[in-house]
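Data from entry17.cif: mmCIF, C-alpha atoms and all ligand atoms
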data_work
loop_
_atom_site.label_atom_id
_atom_site.label_comp_id
_atom_site.auth_asym_id
_atom_site.auth_seq_id
_atom_site.Cartn_x
_atom_site.Cartn_y
_atom_site.Cartn_z
CA MET A 257 -104.29 23.32 23.43
CA ILE A 258 -105.67 22.63 26.94
CA ALA A 259 -104.01 24.41 29.88
CA ALA A 260 -102.30 22.14 32.40
CA ASN A 261 -104.49 23.56 35.20
CA ALA A 262 -107.76 22.86 33.37
CA PRO A 263 -110.61 21.83 35.72
CA THR A 264 -111.14 18.14 36.42
CA LYS A 265 -113.71 16.60 34.11
CA ASP A 266 -114.34 13.53 32.03
CA ILE A 267 -113.27 13.15 28.44
CA THR A 268 -114.99 10.89 25.90
CA ILE A 269 -113.08 8.24 23.98
CA ARG A 270 -114.82 6.56 21.02
CA ILE A 271 -113.21 3.31 19.93
CA CYS A 272 -113.84 1.50 16.67
CA ARG A 273 -114.05 -2.14 17.69
CA GLN A 274 -114.01 -5.43 15.84
CA ASP A 275 -113.66 -8.75 17.65
CA ALA A 276 -111.79 -10.45 14.79
CA PRO A 277 -111.26 -10.06 11.05
CA GLY A 278 -114.59 -10.33 9.27
CA LYS A 279 -116.65 -9.76 12.45
CA PRO A 280 -119.06 -6.81 12.62
CA LEU A 281 -117.56 -3.41 13.35
CA ARG A 282 -119.01 -1.29 16.17
CA TRP A 283 -118.21 1.99 17.93
CA GLU A 284 -118.10 2.07 21.73
CA GLU A 285 -117.85 5.23 23.81
CA PHE A 286 -116.12 5.52 27.19
CA SER A 287 -115.79 8.26 29.80
CA VAL A 288 -112.30 8.77 31.20
CA PRO A 289 -111.40 11.17 34.05
CA TYR A 290 -109.18 13.92 32.62
CA ARG A 291 -105.70 14.47 34.01
CA PRO A 292 -103.30 17.09 32.64
CA ASN A 293 -100.62 15.60 30.33
CA MET A 294 -102.36 12.24 29.98
CA ASN A 295 -101.64 10.34 26.78
CA ILE A 296 -103.93 8.08 24.75
CA ILE A 297 -102.33 4.96 26.23
CA SER A 298 -103.29 6.11 29.73
CA CYS A 299 -106.89 6.56 28.50
CA LEU A 300 -106.85 3.01 27.13
CA GLN A 301 -105.39 1.69 30.38
CA TYR A 302 -108.22 3.37 32.32
CA ILE A 303 -110.80 1.86 29.94
CA ALA A 304 -109.17 -1.57 30.28
CA ALA A 305 -109.60 -1.33 34.04
CA HIS A 306 -113.19 0.04 33.72
CA PRO A 307 -114.69 -1.52 30.55
CA LEU A 308 -118.05 0.21 30.96
CA THR A 309 -119.52 2.21 28.05
CA THR A 310 -121.11 5.64 28.51
CA GLU A 311 -124.47 3.86 28.12
CA GLY A 312 -123.62 1.88 31.26
CA ARG A 313 -123.05 -1.39 29.41
CA GLN A 314 -120.27 -3.73 30.56
CA THR A 315 -118.07 -4.68 27.61
CA THR A 316 -114.84 -6.49 26.87
CA THR A 317 -111.46 -4.84 27.32
CA PRO A 318 -110.35 -3.10 24.09
CA VAL A 319 -107.28 -4.68 22.54
CA TRP A 320 -104.30 -2.61 21.44
CA GLU A 321 -100.59 -3.21 21.06
CA ALA A 322 -97.84 -1.28 22.84
CA GLY A 323 -94.22 -1.88 23.71
CA CYS A 324 -91.77 0.81 24.73
CA LEU A 325 -94.27 3.63 25.46
CA GLU A 326 -91.64 6.14 24.34
CA GLU A 327 -92.22 6.32 20.56
CA VAL A 328 -89.46 3.90 19.70
CA CYS A 329 -91.13 0.55 18.97
CA GLY A 330 -93.98 1.85 16.78
CA ALA A 331 -96.36 -0.80 18.14
CA CYS A 332 -99.08 1.56 19.43
CA THR A 333 -99.58 3.26 16.07
CA MET A 334 -103.29 3.89 15.40
CA VAL A 335 -105.57 6.46 13.78
CA ILE A 336 -106.38 9.11 16.39
CA ASN A 337 -108.95 11.72 15.41
CA GLY A 338 -108.39 10.74 11.78
CA ARG A 339 -104.59 11.05 11.81
CA VAL A 340 -102.20 8.15 12.08
CA ARG A 341 -99.78 8.48 15.02
CA GLN A 342 -98.53 6.79 18.18
CA ALA A 343 -100.87 6.44 21.15
CA CYS A 344 -97.94 6.82 23.58
CA SER A 345 -96.81 10.23 22.33
CA THR A 346 -100.25 11.66 21.60
CA LEU A 347 -101.32 13.83 24.49
CA VAL A 348 -105.00 14.51 25.11
CA ASP A 349 -104.09 18.17 25.72
CA GLY A 350 -102.83 18.44 22.15
CA LEU A 351 -106.03 17.17 20.54
CA GLY A 352 -108.20 20.27 20.93
CA GLU A 353 -111.22 20.95 23.12
CA LEU A 354 -111.82 18.52 25.98
CA ASP A 355 -115.55 18.42 25.15
CA ALA A 356 -114.98 16.84 21.74
CA PRO A 357 -114.85 13.03 21.69
CA ILE A 358 -111.51 11.50 20.76
CA THR A 359 -111.81 8.77 18.13
CA LEU A 360 -109.49 5.77 17.96
CA GLN A 361 -109.35 3.45 14.94
CA PRO A 362 -106.91 0.76 13.86
CA MET A 363 -104.64 1.41 10.87
CA SER A 364 -106.52 0.42 7.73
CA LYS A 365 -103.62 -0.74 5.54
CA PHE A 366 -102.67 -3.77 7.63
CA PRO A 367 -104.69 -6.90 8.47
CA LEU A 368 -106.74 -6.41 11.60
CA VAL A 369 -106.03 -8.64 14.59
CA ARG A 370 -108.64 -7.18 16.94
CA ASP A 371 -109.93 -3.71 17.86
CA LEU A 372 -106.92 -1.35 17.59
CA MET A 373 -104.31 -4.03 16.97
CA VAL A 374 -103.12 -4.82 13.46
CA ASP A 375 -100.55 -7.17 11.97
CA ARG A 376 -97.58 -5.17 10.60
CA SER A 377 -95.73 -8.24 9.28
CA ARG A 378 -95.81 -6.86 5.74
CA ILE A 379 -93.35 -4.12 6.76
CA PHE A 380 -90.87 -6.61 8.19
CA ASN A 381 -91.26 -9.00 5.24
CA ASP A 382 -90.61 -6.11 2.84
CA LEU A 383 -87.50 -5.12 4.83
CA LYS A 384 -86.29 -8.69 4.29
CA LYS A 385 -87.06 -8.40 0.55
CA VAL A 386 -84.68 -5.43 0.23
CA LYS A 387 -82.11 -7.02 2.56
CA ALA A 388 -82.22 -4.10 4.97
CA TRP A 389 -79.15 -5.08 6.92
CA VAL A 390 -75.36 -4.97 6.89
CA PRO A 391 -74.07 -8.43 5.87
CA ILE A 392 -71.53 -9.42 8.50
CA ASP A 393 -70.58 -12.80 9.82
CA GLY A 394 -70.81 -12.56 13.60
CA THR A 395 -68.90 -15.76 14.27
CA TYR A 396 -65.46 -14.17 14.47
CA ASP A 397 -63.87 -10.82 15.29
CA LEU A 398 -64.02 -8.63 12.19
CA GLY A 399 -61.88 -5.88 13.65
CA PRO A 400 -62.84 -2.22 13.57
CA GLY A 401 -65.64 -1.17 11.22
CA PRO A 402 -65.04 1.04 8.19
CA VAL A 403 -64.63 4.76 8.71
CA MET A 404 -67.50 6.87 7.39
CA SER A 405 -67.18 10.53 6.54
CA GLN A 406 -69.02 13.08 8.68
CA ALA A 407 -71.17 13.97 5.67
CA THR A 408 -72.22 10.33 5.15
CA GLN A 409 -72.97 9.92 8.84
CA GLU A 410 -75.13 13.04 8.78
CA GLN A 411 -77.05 11.78 5.76
CA ARG A 412 -77.55 8.30 7.24
CA TYR A 413 -78.48 9.21 10.81
CA PRO A 414 -81.98 10.58 10.08
CA LEU A 415 -82.78 7.42 8.10
CA SER A 416 -81.68 5.20 10.98
CA ARG A 417 -84.40 6.69 13.20
CA CYS A 418 -87.20 4.72 11.49
CA ILE A 419 -89.34 2.88 14.05
CA THR A 420 -91.25 0.76 11.46
CA CYS A 421 -94.44 2.27 12.81
CA GLY A 422 -96.26 2.19 9.47
CA CYS A 423 -97.55 5.80 9.58
CA CYS A 424 -96.03 6.55 6.17
CA LEU A 425 -97.64 3.43 4.73
CA GLU A 426 -101.05 4.10 6.26
CA ALA A 427 -101.04 7.61 4.76
CA CYS A 428 -99.78 6.52 1.32
CA PRO A 429 -102.47 6.29 -1.37
CA GLN A 430 -100.32 3.84 -3.33
CA TYR A 431 -99.86 1.38 -0.43
CA ARG A 432 -102.85 -0.93 -0.51
CA GLY A 433 -103.86 -4.43 0.49
CA ASP A 434 -104.30 -5.41 -3.17
CA ASN A 435 -100.78 -4.50 -4.34
CA ASP A 436 -97.16 -5.18 -3.41
CA PHE A 437 -95.84 -1.62 -3.16
CA VAL A 438 -93.16 -1.65 -0.47
CA GLY A 439 -93.71 2.00 0.49
CA ALA A 440 -91.54 4.84 1.68
CA ALA A 441 -90.15 3.30 4.88
CA ILE A 442 -88.60 0.42 2.97
CA VAL A 443 -87.13 2.74 0.31
CA SER A 444 -85.52 4.85 3.06
CA GLN A 445 -84.04 1.74 4.66
CA ALA A 446 -82.68 0.52 1.31
CA ARG A 447 -81.02 3.92 0.94
CA LEU A 448 -79.63 3.69 4.50
CA PHE A 449 -77.99 0.32 3.87
CA ASN A 450 -76.87 1.14 0.32
CA SER A 451 -74.87 4.02 1.78
CA HIS A 452 -73.10 1.85 4.36
CA PRO A 453 -69.58 0.79 3.24
CA ILE A 454 -70.29 -2.89 4.01
CA GLY A 455 -74.06 -2.75 3.44
CA ALA A 456 -73.30 -1.61 -0.13
CA ALA A 457 -72.25 -5.20 -0.89
CA LEU A 458 -75.97 -5.95 -1.31
CA LYS A 459 -76.80 -2.74 -3.14
CA GLU A 460 -77.41 -4.37 -6.52
CA GLU A 461 -79.73 -6.99 -5.00
CA ARG A 462 -81.70 -4.25 -3.23
CA LEU A 463 -81.98 -2.26 -6.46
CA ASP A 464 -83.06 -5.36 -8.38
CA THR A 465 -85.93 -5.75 -5.90
CA LEU A 466 -86.85 -2.07 -6.09
CA MET A 467 -86.87 -2.24 -9.92
CA GLY A 468 -89.42 -5.05 -9.82
CA PRO A 469 -93.15 -5.24 -9.06
CA GLY A 470 -94.07 -3.25 -5.95
CA GLY A 471 -90.85 -1.26 -6.25
CA ILE A 472 -90.01 2.38 -6.60
CA SER A 473 -92.00 2.99 -9.78
CA ASP A 474 -95.27 2.45 -7.87
CA CYS A 475 -94.67 5.66 -5.88
CA GLY A 476 -96.92 8.57 -6.90
CA LYS A 477 -94.70 11.13 -5.08
CA ALA A 478 -97.60 12.81 -3.28
CA GLY A 479 -95.48 13.14 -0.16
CA ASN A 480 -98.01 12.06 2.48
CA CYS A 481 -95.25 9.79 3.80
CA VAL A 482 -93.23 12.82 4.87
CA GLU A 483 -96.16 14.64 6.49
CA VAL A 484 -97.01 11.86 8.95
CA CYS A 485 -93.59 10.47 9.86
CA PRO A 486 -93.07 10.91 13.63
CA LYS A 487 -89.29 10.75 13.16
CA LEU A 488 -89.16 13.35 10.38
CA ILE A 489 -87.47 10.92 8.01
CA PRO A 490 -86.84 12.56 4.62
CA ASN A 491 -88.81 9.92 2.72
CA LEU A 492 -89.28 11.96 -0.45
CA GLU A 493 -85.55 12.65 -0.60
CA SER A 494 -84.96 8.90 -0.22
CA ILE A 495 -87.43 8.14 -2.99
CA ALA A 496 -85.69 10.58 -5.35
CA ASP A 497 -82.24 9.25 -4.42
CA VAL A 498 -83.17 5.57 -4.76
CA GLN A 499 -84.97 6.35 -8.03
CA ARG A 500 -81.65 7.70 -9.34
CA GLN A 501 -79.79 4.62 -8.06
CA VAL A 502 -82.34 2.34 -9.76
CA THR A 503 -82.00 4.22 -13.07
CA VAL A 504 -78.18 3.99 -13.04
CA HIS A 505 -78.42 0.32 -12.07
CA ALA A 506 -80.87 -0.39 -14.91
CA VAL A 507 -78.65 1.36 -17.48
CA LYS A 508 -75.58 -0.58 -16.27
CA LYS A 509 -77.50 -3.84 -16.49
CA PHE A 510 -78.69 -2.99 -19.98
CA PHE A 511 -75.19 -2.33 -21.29
CA SER A 512 -73.63 -5.27 -19.46
CA GLY A 513 -76.32 -7.54 -20.91
CA LYS A 514 -77.05 -9.07 -17.47
S1 LIG A 601 -94.55 9.92 -2.11
FE1 LIG A 601 -96.73 9.39 -2.02
S2 LIG A 601 -96.90 7.48 -3.20
FE2 LIG A 601 -94.71 7.77 -2.75
S3 LIG A 601 -94.43 6.61 -0.87
FE3 LIG A 601 -94.86 8.75 -0.25
S4 LIG A 601 -97.08 8.83 0.10
FE4 LIG A 601 -96.63 6.94 -1.06
S1 LIG A 602 -90.41 6.19 7.75
FE1 LIG A 602 -91.34 7.29 9.49
S2 LIG A 602 -93.53 6.88 9.32
FE2 LIG A 602 -92.49 5.39 8.02
S3 LIG A 602 -92.27 3.57 9.28
FE3 LIG A 602 -90.37 4.79 9.51
S4 LIG A 602 -90.74 6.11 11.29
FE4 LIG A 602 -92.73 5.30 10.68
#
If you convert what's in this file into structure tokens, what do you get?
Ligand code: SF4
Ligand code: SF4
Amino acid sequence: MIAANAPTKDITIRICRQDAPGKPLRWEEFSVPYRPNMNIISCLQYIAAHPLTTEGRQTTTPVWEAGCLEEVCGACTMVINGRVRQACSTLVDGLGELDAPITLQPMSKFPLVRDLMVDRSRIFNDLKKVKAWVPIDGTYDLGPGPVMSQATQEQRYPLSRCITCGCCLEACPQYRGDNDFVGAAIVSQARLFNSHPIGAALKEERLDTLMGPGGISDCGKAGNCVEVCPKLIPNLESIADVQRQVTVHAVKKFFSGK
């Protein structure tokens, strides 16, 4: 940890760059004046305004994605010093000695757009596959919503904090470009909506999807998805719970002959 009154100096940021999918990959190094409490986004903003490498070569502005800048949208998720996390909430002071270069890489499990920006569409498409919503018709007044017990609310609230950042998917050995595994975030969201009194109307459809290819049985239960989640979502608990739901659903289907 670096003290807030550390002397002014430059820090080194190394960025893994690629102009487009399939283009050659290169590392570029930049010097950024240190300020106490600066985050990685502020380093990138400085580099964008001064795209000059430490070798004195003018280069293009690195590309990254960011939205809310308060760890809510998940857009600035990248691999910082080898660990997947958000660039907005990662402080330089928390990364160790100022002398050591800070490395920035794009997430590897999603198609690259350019430099640090990736396409996370797979997450949103998989959320659609499991119908991660409450089915209501918004065209007329439905009256007050159903009452949920305190215990149900307390179980559901942590799941509702997911920011679809993709950290759990990046860290998951089972989530790969060559398979359809939906990953922990989607399982947690299926659990969230299965436990909603109205969302439960689609429970069987969600479980049908999670019984199929890319579903819950692809999970190896290593638990990396819990370690890296910035919102402390109990992904392993969700996986165990949804696994039970899938088993009961499969048995019911077997005996009903459907
Ligand atoms: S428990 Fe392991 S295999 Fe299962 S989703 Fe989490 S990281 Fe992936
Ligand atoms: S479960 Fe956690 S790590 Fe995974 S997408 Fe949601 S917030 Fe990110």
Contact residues around A:Leu415 with only C-alpha atoms at 7 Å, ignoring same-chain residues under 2 positions, as a list in words:
Arg412, Tyr413, Arg417, Cys418, Ser444, Gln445, Leu448 and Ile489 of chain A
Notebook entry, point to check: So which one's closest to A:Phe449, A:Lys387, A:Lys477, A:His505, A:Arg376? Using all atoms listed in the file, please.
Noted result: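 Of A:Lys387, A:Lys477, A:His505, A:Arg376, the one nearest A:Phe449 is A:Lys387, counting all atoms listed in the file.
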Can you tell me which residues come within 10 Å of ligand LIG 601 (chain A) when counting only C-alpha atoms and all ligand atoms, ideally as a CSV table (one decimal) with C-alpha atoms, keeping the file's coordinate frame?
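So the final result, stored in part_17.csv, reads:
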chain,number,residue,atom,x,y,z
A,423,CYS,CA,-97.6,5.8,9.6
A,424,CYS,CA,-96.0,6.6,6.2
A,425,LEU,CA,-97.6,3.4,4.7
A,426,GLU,CA,-101.0,4.1,6.3
A,427,ALA,CA,-101.0,7.6,4.8
A,428,CYS,CA,-99.8,6.5,1.3
A,429,PRO,CA,-102.5,6.3,-1.4
A,430,GLN,CA,-100.3,3.8,-3.3
A,431,TYR,CA,-99.9,1.4,-0.4
A,437,PHE,CA,-95.8,-1.6,-3.2
A,438,VAL,CA,-93.2,-1.6,-0.5
A,439,GLY,CA,-93.7,2.0,0.5
A,440,ALA,CA,-91.5,4.8,1.7
A,441,ALA,CA,-90.2,3.3,4.9
A,442,ILE,CA,-88.6,0.4,3.0
A,443,VAL,CA,-87.1,2.7,0.3
A,444,SER,CA,-85.5,4.8,3.1
A,472,ILE,CA,-90.0,2.4,-6.6
A,473,SER,CA,-92.0,3.0,-9.8
A,474,ASP,CA,-95.3,2.4,-7.9
A,475,CYS,CA,-94.7,5.7,-5.9
A,476,GLY,CA,-96.9,8.6,-6.9
A,477,LYS,CA,-94.7,11.1,-5.1
A,478,ALA,CA,-97.6,12.8,-3.3
A,479,GLY,CA,-95.5,13.1,-0.2
A,480,ASN,CA,-98.0,12.1,2.5
A,481,CYS,CA,-95.2,9.8,3.8
A,482,VAL,CA,-93.2,12.8,4.9
A,483,GLU,CA,-96.2,14.6,6.5
A,484,VAL,CA,-97.0,11.9,9.0
A,491,ASN,CA,-88.8,9.9,2.7
A,492,LEU,CA,-89.3,12.0,-0.4
A,493,GLU,CA,-85.6,12.6,-0.6
A,494,SER,CA,-85.0,8.9,-0.2
A,495,ILE,CA,-87.4,8.1,-3.0
A,496,ALA,CA,-85.7,10.6,-5.4
Counting only C-alpha atoms, what is within 8 Å of stretch 310-313 of chain A, bar same-chain residues fewer than 2 positions away, as a list in words?
Glu285, Phe286, Ser287, Leu308 and Thr315 of chain A
- Counting all atoms listed in the file, note down every residue that has an atom within 6 Å of the point (-90.5, 1.1, 13.6) (file coordinates), as an MDAnalysis selection string. chainID A and resid 329:330 418:421
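Neighbours of A:Thr309 closer than or equal to 12 Å, with only C-alpha atoms counted and sequence neighbours fewer than 6 positions away skipped, come out as Thr268, Ile269, Arg270, Ile271, Trp283, Glu284, Glu285, Phe286, Ser287, Val288, Ile303, Thr315, Thr316, Thr317 and Pro318 of chain A.
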One residue among A:Gly471, A:Gly513, A:Pro414, A:Gly394 is nearest to ligand LIG 602 (chain A) when using all atoms listed in the file, and that residue is A:Pro414
Nearest to ligand LIG 602 (chain A), restricted to all atoms listed in the file and choosing among A:Asp497, A:Glu327, A:Glu461, A:Asp436, comes out as A:Glu327
Check your understanding: When distances are computed from all atoms listed in the file, which of A:Leu281, A:Leu463, A:Leu383, A:Met404 shows the smallest separation from ligand LIG 602 (chain A)?
Key ->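 When distances to ligand LIG 602 (chain A) are compared using all atoms listed in the file, the smallest one comes from A:Leu383.
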Using all atoms listed in the file, the shortest atom-to-atom distance to ligand LIG 602 (chain A) among A:Gly350, A:Pro402, A:Pro490, A:Pro391 belongs to A:Pro490
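Between atom CA of A:Asn435 and atom CA of A:Pro469 the interatomic distance comes to 9.0 Å.
From atom CA of A:Asn295 back to atom CA of A:Ser377, the distance works out to 26.2 Å.
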Do a neighbour search on A:Val504 at 12 Å with all atoms listed in the file, toss out local chain neighbours closer than 5 positions, and write the hits as an MDAnalysis selection string. chainID A and resid 460 463:464 467 497:499 509:511
